[in-house]
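Dumped protein_14.tsv below, it's TSV, C-alpha atoms:
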```
chain	number	residue	atom	x	y	z
B	163	MET	CA	-7.89	22.03	16.24
B	164	GLU	CA	-8.89	18.85	14.44
B	165	LYS	CA	-5.95	16.63	13.68
B	166	ASN	CA	-5.32	15.22	10.26
B	167	ARG	CA	-6.00	11.53	9.94
B	168	LEU	CA	-3.71	8.86	8.63
B	169	ILE	CA	-4.01	5.07	8.53
B	170	PHE	CA	-0.99	3.14	9.77
B	171	ASP	CA	-0.04	-0.47	9.19
B	172	THR	CA	2.23	-2.60	11.39
B	173	SER	CA	5.37	-1.82	9.42
B	174	ALA	CA	4.93	1.95	9.74
B	175	LEU	CA	4.22	1.81	13.47
B	176	ILE	CA	7.34	-0.28	14.02
B	177	SER	CA	9.48	2.00	11.86
B	178	LEU	CA	8.33	5.17	13.62
B	179	GLU	CA	8.78	3.75	17.10
B	180	THR	CA	12.23	2.47	16.14
B	181	ILE	CA	13.31	6.02	15.41
B	182	HIS	CA	11.44	7.43	18.41
B	183	LEU	CA	9.00	9.54	16.40
B	184	LEU	CA	5.71	7.77	17.07
B	185	GLU	CA	4.83	9.80	20.15
B	186	ARG	CA	5.43	13.03	18.24
B	187	VAL	CA	3.27	11.81	15.37
B	188	PHE	CA	0.36	11.48	17.81
B	189	ASP	CA	0.69	15.19	18.57
B	190	SER	CA	0.04	16.16	14.96
B	191	PHE	CA	-2.09	13.35	13.53
B	192	GLU	CA	-4.91	11.04	14.43
B	193	ILE	CA	-3.51	7.55	13.96
B	194	ILE	CA	-6.07	5.12	12.62
B	195	THR	CA	-5.42	1.41	12.54
B	196	THR	CA	-7.25	-1.90	12.79
B	197	ASP	CA	-7.63	-4.69	15.31
B	198	SER	CA	-5.69	-7.01	13.05
B	199	VAL	CA	-2.71	-4.64	13.08
B	200	ILE	CA	-2.85	-4.65	16.87
B	201	LYS	CA	-2.94	-8.46	16.78
B	202	GLU	CA	0.12	-8.52	14.50
B	203	LEU	CA	1.96	-6.32	16.98
B	204	GLU	CA	0.88	-8.58	19.85
B	205	ASN	CA	2.25	-11.57	17.96
B	206	PHE	CA	5.60	-9.83	17.36
B	207	ALA	CA	5.67	-8.79	21.01
B	208	LYS	CA	5.81	-12.44	22.07
B	209	TYR	CA	9.38	-12.69	20.84
B	210	GLU	CA	12.50	-11.43	22.57
B	211	ASP	CA	14.04	-9.90	19.46
B	212	ASP	CA	14.24	-6.35	18.09
B	213	TYR	CA	10.77	-6.44	16.52
B	214	GLY	CA	9.34	-7.92	19.71
B	215	PHE	CA	10.89	-5.20	21.82
B	216	ILE	CA	9.69	-2.39	19.53
B	217	SER	CA	6.21	-3.91	19.21
B	218	LYS	CA	5.87	-3.91	22.99
B	219	ARG	CA	6.69	-0.21	22.99
B	220	VAL	CA	4.15	0.50	20.22
B	221	LEU	CA	1.47	-1.36	22.17
B	222	LEU	CA	1.97	1.01	25.09
B	223	TYR	CA	0.18	3.60	22.93
B	224	SER	CA	-2.82	1.33	22.32
B	225	ASP	CA	-5.32	3.68	23.93
B	226	ARG	CA	-4.24	6.51	21.63
B	227	PHE	CA	-4.99	4.68	18.38
B	228	LYS	CA	-8.34	5.05	16.72
B	229	ILE	CA	-9.34	1.49	15.88
B	230	SER	CA	-11.52	1.23	12.78
B	231	LYS	CA	-13.01	-1.59	10.78
B	232	ALA	CA	-13.82	-2.03	7.11
B	233	ALA	CA	-15.66	-4.79	5.31
B	234	LEU	CA	-13.60	-6.59	2.70
B	235	LYS	CA	-15.53	-5.29	-0.30
B	236	GLU	CA	-12.56	-5.61	-2.60
B	237	VAL	CA	-9.79	-8.11	-2.07
B	238	PHE	CA	-6.34	-8.54	-3.61
B	239	GLU	CA	-5.61	-12.25	-3.63
B	240	ASN	CA	-1.90	-11.75	-3.10
B	241	LEU	CA	-2.40	-9.64	0.03
B	242	GLU	CA	-3.00	-10.87	3.57
B	243	ASN	CA	-6.37	-10.18	5.21
B	244	THR	CA	-4.82	-7.51	7.44
B	245	ASP	CA	-3.62	-5.63	4.37
B	246	ASN	CA	-6.91	-6.07	2.53
B	247	GLU	CA	-8.72	-4.58	5.50
B	248	LEU	CA	-6.36	-1.58	5.55
B	249	TYR	CA	-6.88	-1.15	1.83
B	250	ASN	CA	-10.68	-1.18	2.18
B	251	LEU	CA	-10.47	1.17	5.13
B	252	ALA	CA	-8.34	3.63	3.15
B	253	LYS	CA	-10.87	3.55	0.32
B	254	LEU	CA	-13.82	3.94	2.64
B	255	GLU	CA	-12.34	6.76	4.70
B	256	LYS	CA	-10.40	8.32	1.81
B	257	VAL	CA	-7.32	8.52	4.00
B	258	VAL	CA	-3.64	8.04	3.14
B	259	VAL	CA	-1.98	4.84	4.41
B	260	ILE	CA	1.47	5.09	5.97
B	261	THR	CA	3.27	1.83	5.28
B	262	ASP	CA	6.77	0.53	4.73
B	263	ASP	CA	5.36	-2.60	3.15
B	264	ILE	CA	6.60	-2.35	-0.42
B	265	LYS	CA	4.34	-5.12	-1.69
B	266	PHE	CA	1.24	-3.46	-0.24
B	267	SER	CA	2.19	-0.08	-1.69
B	268	ASN	CA	2.92	-1.52	-5.08
B	269	ILE	CA	-0.19	-3.66	-5.39
B	270	THR	CA	-2.58	-0.88	-4.28
B	271	ARG	CA	-0.79	1.93	-6.10
B	272	GLU	CA	-3.57	2.67	-8.60
B	273	LYS	CA	-6.35	2.65	-6.03
B	274	ILE	CA	-5.28	4.37	-2.81
B	275	LYS	CA	-2.64	6.82	-1.63
B	276	THR	CA	0.25	5.42	0.39
B	277	LYS	CA	3.41	6.95	1.75
B	278	PHE	CA	6.49	5.43	3.36
B	279	SER	CA	7.22	6.32	6.98
B	280	THR	CA	10.04	8.54	5.68
B	281	PHE	CA	7.23	11.07	5.12
B	282	PHE	CA	7.73	12.00	8.78
B	283	LEU	CA	11.44	12.71	8.41
B	284	GLY	CA	10.48	15.46	5.97
B	285	PHE	CA	7.50	16.51	8.05
B	286	PHE	CA	9.49	16.99	11.26
B	287	ILE	CA	12.31	18.82	9.50
B	288	SER	CA	9.79	21.36	8.20
B	289	LYS	CA	8.03	21.56	11.56
B	290	GLY	CA	11.34	22.16	13.31
B	291	GLY	CA	11.20	18.96	15.33
B	292	LEU	CA	14.25	17.44	13.65
B	293	THR	CA	17.40	18.89	12.17
B	294	LYS	CA	18.61	17.61	8.84
B	295	LEU	CA	21.42	15.75	10.62
B	296	GLN	CA	19.02	14.12	13.09
B	297	ALA	CA	16.76	13.05	10.22
B	298	LEU	CA	19.72	11.47	8.43
B	299	GLU	CA	20.74	9.62	11.61
B	300	ARG	CA	17.21	8.26	12.00
B	301	LEU	CA	17.20	7.19	8.37
B	302	GLU	CA	20.35	5.13	9.06
B	303	LYS	CA	18.57	3.49	11.98
B	304	LEU	CA	15.56	2.71	9.80
B	305	ARG	CA	17.75	1.08	7.20
B	306	ASP	CA	19.24	-1.17	9.85
B	307	ILE	CA	15.91	-2.69	10.85
B	308	ARG	CA	14.09	-2.61	7.52
B	309	ASN	CA	14.52	-4.99	4.65
B	310	TRP	CA	14.24	-2.22	2.10
B	311	GLN	CA	14.44	-3.92	-1.26
B	312	HIS	CA	17.46	-2.90	-3.28
B	313	ASN	CA	18.21	-0.16	-0.72
B	314	ILE	CA	16.33	2.34	-2.89
B	315	ILE	CA	14.15	3.93	-0.19
B	316	TYR	CA	17.26	4.63	1.85
B	317	LEU	CA	19.29	6.05	-1.04
B	318	VAL	CA	16.55	8.28	-2.44
B	319	THR	CA	15.53	9.61	0.98
B	320	LYS	CA	19.17	10.28	1.87
B	321	GLU	CA	19.66	12.14	-1.39
B	322	GLU	CA	16.54	14.27	-0.78
B	323	LEU	CA	17.50	15.09	2.81
B	324	GLU	CA	21.08	15.94	1.91
B	325	SER	CA	19.89	18.31	-0.78
B	326	LEU	CA	18.06	20.49	1.77
T	217	MET	CA	6.79	-25.31	-5.09
T	218	GLY	CA	7.89	-26.83	-8.39
T	219	THR	CA	11.35	-28.30	-8.76
T	220	GLU	CA	13.75	-28.71	-11.63
T	221	GLN	CA	16.66	-31.05	-11.95
T	222	VAL	CA	20.06	-29.42	-12.44
T	223	ASN	CA	23.00	-31.65	-13.20
T	224	ILE	CA	26.38	-30.44	-12.04
T	225	ARG	CA	29.70	-32.22	-11.74
T	226	LEU	CA	31.57	-31.73	-8.49
T	227	PRO	CA	35.22	-32.46	-7.68
T	228	SER	CA	35.59	-35.80	-5.83
T	229	GLU	CA	37.19	-34.04	-2.87
T	230	LEU	CA	34.14	-31.83	-2.47
T	231	VAL	CA	31.84	-34.84	-2.64
T	232	ASP	CA	33.94	-36.50	0.11
T	233	ASP	CA	33.59	-33.38	2.23
T	234	LEU	CA	29.84	-33.35	1.66
T	235	ASP	CA	29.68	-37.00	2.77
T	236	THR	CA	31.58	-36.14	5.93
T	237	ILE	CA	29.21	-33.25	6.71
T	238	SER	CA	26.23	-35.44	5.99
T	239	LYS	CA	27.47	-38.11	8.43
T	240	LEU	CA	28.42	-35.62	11.11
T	241	LEU	CA	25.13	-33.73	10.97
T	242	LYS	CA	23.07	-36.83	10.24
T	243	VAL	CA	21.33	-35.05	7.40
T	244	ASN	CA	20.56	-36.03	3.85
T	245	LYS	CA	23.32	-34.75	1.56
T	246	SER	CA	20.92	-33.39	-1.08
T	247	ASP	CA	18.80	-31.61	1.52
T	248	TRP	CA	21.88	-29.99	3.02
T	249	ILE	CA	23.14	-28.82	-0.38
T	250	ARG	CA	19.70	-27.48	-1.27
T	251	THR	CA	19.46	-25.48	1.95
T	252	LYS	CA	22.98	-24.06	1.66
T	253	LEU	CA	22.50	-23.19	-1.98
T	254	ALA	CA	19.18	-21.45	-1.26
T	255	GLU	CA	20.81	-19.34	1.47
T	256	ASP	CA	23.71	-18.32	-0.74
T	257	VAL	CA	21.54	-17.64	-3.77
T	258	TYR	CA	19.21	-15.41	-1.73
T	259	GLN	CA	22.12	-13.46	-0.25
T	260	GLU	CA	23.88	-13.03	-3.55
T	261	LYS	CA	20.69	-12.02	-5.37
T	262	THR	CA	19.96	-9.43	-2.65
T	263	ARG	CA	23.50	-8.08	-2.82
T	264	LEU	CA	23.56	-7.81	-6.59
T	265	LEU	CA	20.11	-6.20	-6.80
T	266	MET	CA	21.17	-3.73	-4.14
T	267	GLU	CA	24.17	-2.80	-6.27
T	268	LEU	CA	21.96	-2.47	-9.33
T	269	GLY	CA	19.48	-0.37	-7.31
T	270	THR	CA	22.30	1.94	-6.27
T	271	LEU	CA	23.42	2.39	-9.87
T	272	TYR	CA	19.82	3.08	-10.88
T	273	VAL	CA	19.20	5.70	-8.18
T	274	LYS	CA	22.48	7.41	-9.02
T	275	GLY	CA	21.47	7.56	-12.69
T	276	ILE	CA	24.38	5.41	-13.84
T	277	VAL	CA	21.97	2.89	-15.38
T	278	THR	CA	18.51	3.61	-16.78
T	279	LYS	CA	15.28	1.71	-16.31
T	280	LYS	CA	15.78	0.31	-19.79
T	281	ASP	CA	19.23	-0.96	-18.78
T	282	VAL	CA	17.78	-2.59	-15.65
T	283	GLN	CA	15.02	-4.18	-17.72
T	284	GLY	CA	17.60	-5.55	-20.16
T	285	ILE	CA	19.57	-7.15	-17.33
T	286	VAL	CA	16.94	-8.50	-14.91
T	287	GLY	CA	13.59	-8.06	-16.63
T	288	LYS	CA	10.58	-5.77	-16.58
T	289	GLU	CA	9.19	-6.73	-13.17
T	290	ILE	CA	12.29	-5.69	-11.23
T	291	ALA	CA	12.79	-2.61	-13.41
T	292	ASP	CA	9.20	-1.50	-12.74
T	293	ARG	CA	9.65	-2.10	-9.02
T	294	MET	CA	12.84	-0.04	-8.90
T	295	GLU	CA	11.10	2.80	-10.71
T	296	PHE	CA	8.12	2.60	-8.37
T	297	LEU	CA	10.32	2.56	-5.26
T	298	THR	CA	12.33	5.54	-6.45
T	299	GLU	CA	9.25	7.62	-7.20
T	300	LYS	CA	7.41	6.62	-4.03
T	301	SER	CA	10.45	7.29	-1.84
T	302	ARG	CA	10.95	10.74	-3.33
T	303	GLU	CA	7.27	11.55	-3.10
T	304	SER	CA	7.06	10.39	0.53
T	305	VAL	CA	9.82	12.58	1.90
T	306	LYS	CA	8.93	15.57	-0.31
T	307	SER	CA	5.27	15.51	0.65
T	308	GLY	CA	6.31	15.31	4.31
T	309	LEU	CA	8.47	18.37	3.87
T	310	GLN	CA	5.61	20.25	2.21
T	311	TYR	CA	3.03	19.10	4.71
T	312	GLY	CA	5.17	20.24	7.62
T	313	LYS	CA	5.20	23.76	6.24
T	314	LYS	CA	1.40	24.08	6.45
```
If you took the structure in this file and wrote it as structure tokens, what would it be?
Amino acid sequence: MEKNRLIFDTSALISLETIHLLERVFDSFEIITTDSVIKELENFAKYEDDYGFISKRVLLYSDRFKISKAALKEVFENLENTDNELYNLAKLEKVVVITDDIKFSNITREKIKTKFSTFFLGFFISKGGLTKLQALERLEKLRDIRNWQHNIIYLVTKEELESL
Amino acid sequence: MGTEQVNIRLPSELVDDLDTISKLLKVNKSDWIRTKLAEDVYQEKTRLLMELGTLYVKGIVTKKDVQGIVGKEIADRMEFLTEKSRESVKSGLQYGKK
């Protein structure tokens, strides 16, 4: 069966590996990313901190990513090149971008579809891969490593999960 | 980055303490104050916006209230984050049922 395709940026890959879901995501989706995302991960991996440690783990899956390229036909001046490439790739391929980068999501909101990595907490609850309690525990872990502005992603996701 | 001059009066004792720190650390007093102030301002701003975000998500304050307190840009961002967060987890739940 053909897997559904999603584009992932660095933030989403780090989030999903932090909560030990990335491997399971590969089972259900084709993960598309770019060389510049891989380079970002390699740069993080040089450091002996939490992000460095998680980035090293993400890079172990390198051969399972589909690496794509897109010309920078349209550029947002206040986005980095890596993000502009992801944006152009999403437009070209008409694929949703999974990102926890609030700035990227906000700036591109009118042009492409994005979702936060919390999409997969819902997805795996429905699929039976996570219980509600496990999803809530992983959300706590995500909050600890993410600088989620004003705590809103955490609060809203928690509210939605608790209502199930 | 542009700068603005802000004049504040400090108690003499505090100025003495700042001089002592400056001598001990061998740093310029103004630079040290600037750095410390920037750290504290960032932390306090983050904390207060987090509290406001909590009130907003819980429906205790409206977008209009937020806009009245901190301006349209932050109010828009809080609204966007709330909608996007809800949409992300809900669409995951729906997608998993397919």
Produce a table with one row for each residue of chain T that has an atom at most 9 Å from any atom of chain B, each row naming the nearest atom pair and its distance in Å at one decimal; use all atoms listed in the file; arrange rows by chain and rising residue number; format as a Markdown table.
```
| residue | atom | partner | partner_atom | distance |
| --- | --- | --- | --- | --- |
| T:Thr262 | CA | B:His312 | CA | 7.0 |
| T:Arg263 | CA | B:His312 | CA | 8.0 |
| T:Leu264 | CA | B:His312 | CA | 8.5 |
| T:Leu265 | CA | B:His312 | CA | 5.5 |
| T:Met266 | CA | B:His312 | CA | 3.9 |
| T:Glu267 | CA | B:His312 | CA | 7.3 |
| T:Leu268 | CA | B:His312 | CA | 7.6 |
| T:Gly269 | CA | B:His312 | CA | 5.2 |
| T:Thr270 | CA | B:Ile314 | CA | 6.9 |
| T:Tyr272 | CA | B:Ile314 | CA | 8.8 |
| T:Val273 | CA | B:Val318 | CA | 6.8 |
| T:Lys274 | CA | B:Leu317 | CA | 8.7 |
| T:Arg293 | CA | B:Asn268 | CA | 7.8 |
| T:Met294 | CA | B:Ile314 | CA | 7.3 |
| T:Phe296 | CA | B:Asn268 | CA | 7.4 |
| T:Leu297 | CA | B:Ile314 | CA | 6.5 |
| T:Thr298 | CA | B:Ile314 | CA | 6.2 |
| T:Glu299 | CA | B:Val318 | CA | 8.7 |
| T:Lys300 | CA | B:Lys277 | CA | 7.0 |
| T:Ser301 | CA | B:Ile315 | CA | 5.3 |
| T:Arg302 | CA | B:Val318 | CA | 6.2 |
| T:Glu303 | CA | B:Lys277 | CA | 7.7 |
| T:Ser304 | CA | B:Phe281 | CA | 4.6 |
| T:Val305 | CA | B:Phe281 | CA | 4.4 |
| T:Lys306 | CA | B:Gly284 | CA | 6.5 |
| T:Ser307 | CA | B:Phe281 | CA | 6.6 |
| T:Gly308 | CA | B:Phe285 | CA | 4.1 |
| T:Leu309 | CA | B:Gly284 | CA | 4.1 |
| T:Gln310 | CA | B:Phe285 | CA | 7.2 |
| T:Tyr311 | CA | B:Phe285 | CA | 6.2 |
| T:Gly312 | CA | B:Phe285 | CA | 4.4 |
| T:Lys313 | CA | B:Ser288 | CA | 5.5 |
| T:Lys314 | CA | B:Lys289 | CA | 8.7 |
```
Original post:
Between atom CA of T:Lys279 and atom CA of B:Leu301, what is the distance, to one decimal in Å?
Top reply: 25.4 Å
Original post:
Looking at all atoms listed in the file, which of B:Val259, B:Ile269, B:Leu248, B:Ile181 is the one that sits closest to B:Leu304?
Top reply: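 Distance minimum relative to B:Leu304 lands on B:Ile181.
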Please define a box with edges along x, y and z of the file around all atoms of stretch 271-288 of chain T given in the file, extend it by 8 Å on each side, and return its centre and edge lengths in Å to one decimal, as JSON.
```
{"center_x": 17.5, "center_y": -0.5, "center_z": -14.2, "size_x": 29.8, "size_y": 32.1, "size_z": 28.0}
```
Subject >> Distance in Å - atom CA of B:Leu168 versus atom CA of B:His182 >> reply: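 Between atom CA of B:Leu168 and atom CA of B:His182 the gap is 18.1 Å.
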**OP:** Have a look at atom CA of B:Glu242 and atom CA of T:Leu253 and let me know their distance in Å, one decimal.
**Re:**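 Atom CA of T:Leu253 lies 28.9 Å from atom CA of B:Glu242.
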Since the input lacks atoms, please generate N, CA and C atoms for stretch 238-253 of chain B and provide them as an mmCIF file, keeping the file's coordinate frame.
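This is the output file part20.cif:
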```cif
data_model
loop_
_atom_site.group_PDB
_atom_site.id
_atom_site.type_symbol
_atom_site.label_atom_id
_atom_site.label_comp_id
_atom_site.auth_asym_id
_atom_site.auth_seq_id
_atom_site.Cartn_x
_atom_site.Cartn_y
_atom_site.Cartn_z
ATOM 1 N N PHE B 238 -7.472 -8.139 -2.761
ATOM 2 C CA PHE B 238 -6.340 -8.540 -3.610
ATOM 3 C C PHE B 238 -5.895 -9.914 -3.135
ATOM 4 N N GLU B 239 -5.914 -10.877 -4.040
ATOM 5 C CA GLU B 239 -5.610 -12.250 -3.630
ATOM 6 C C GLU B 239 -4.201 -12.417 -3.065
ATOM 7 N N ASN B 240 -3.281 -11.592 -3.581
ATOM 8 C CA ASN B 240 -1.900 -11.750 -3.100
ATOM 9 C C ASN B 240 -1.571 -10.881 -1.889
ATOM 10 N N LEU B 241 -2.614 -10.352 -1.228
ATOM 11 C CA LEU B 241 -2.400 -9.640 0.030
ATOM 12 C C LEU B 241 -3.035 -10.404 1.176
ATOM 13 N N GLU B 242 -2.439 -10.247 2.367
ATOM 14 C CA GLU B 242 -3.000 -10.870 3.570
ATOM 15 C C GLU B 242 -4.301 -10.139 3.937
ATOM 16 N N ASN B 243 -5.105 -10.795 4.765
ATOM 17 C CA ASN B 243 -6.370 -10.180 5.210
ATOM 18 C C ASN B 243 -6.164 -8.839 5.907
ATOM 19 N N THR B 244 -5.123 -8.771 6.723
ATOM 20 C CA THR B 244 -4.820 -7.510 7.440
ATOM 21 C C THR B 244 -4.629 -6.376 6.427
ATOM 22 N N ASP B 245 -3.884 -6.656 5.385
ATOM 23 C CA ASP B 245 -3.620 -5.630 4.370
ATOM 24 C C ASP B 245 -4.868 -5.303 3.563
ATOM 25 N N ASN B 246 -5.661 -6.329 3.260
ATOM 26 C CA ASN B 246 -6.910 -6.070 2.530
ATOM 27 C C ASN B 246 -7.851 -5.207 3.353
ATOM 28 N N GLU B 247 -7.862 -5.402 4.660
ATOM 29 C CA GLU B 247 -8.720 -4.580 5.500
ATOM 30 C C GLU B 247 -8.228 -3.114 5.496
ATOM 31 N N LEU B 248 -6.922 -2.939 5.585
ATOM 32 C CA LEU B 248 -6.360 -1.580 5.550
ATOM 33 C C LEU B 248 -6.677 -0.907 4.216
ATOM 34 N N TYR B 249 -6.576 -1.679 3.162
ATOM 35 C CA TYR B 249 -6.880 -1.150 1.830
ATOM 36 C C TYR B 249 -8.342 -0.684 1.747
ATOM 37 N N ASN B 250 -9.252 -1.530 2.219
ATOM 38 C CA ASN B 250 -10.680 -1.180 2.180
ATOM 39 C C ASN B 250 -10.985 0.003 3.091
ATOM 40 N N LEU B 251 -10.285 0.055 4.203
ATOM 41 C CA LEU B 251 -10.470 1.170 5.130
ATOM 42 C C LEU B 251 -10.008 2.485 4.493
ATOM 43 N N ALA B 252 -8.872 2.432 3.813
ATOM 44 C CA ALA B 252 -8.340 3.630 3.150
ATOM 45 C C ALA B 252 -9.302 4.115 2.065
ATOM 46 N N LYS B 253 -9.911 3.177 1.373
ATOM 47 C CA LYS B 253 -10.870 3.550 0.320
ATOM 48 C C LYS B 253 -12.127 4.155 0.926
#
```
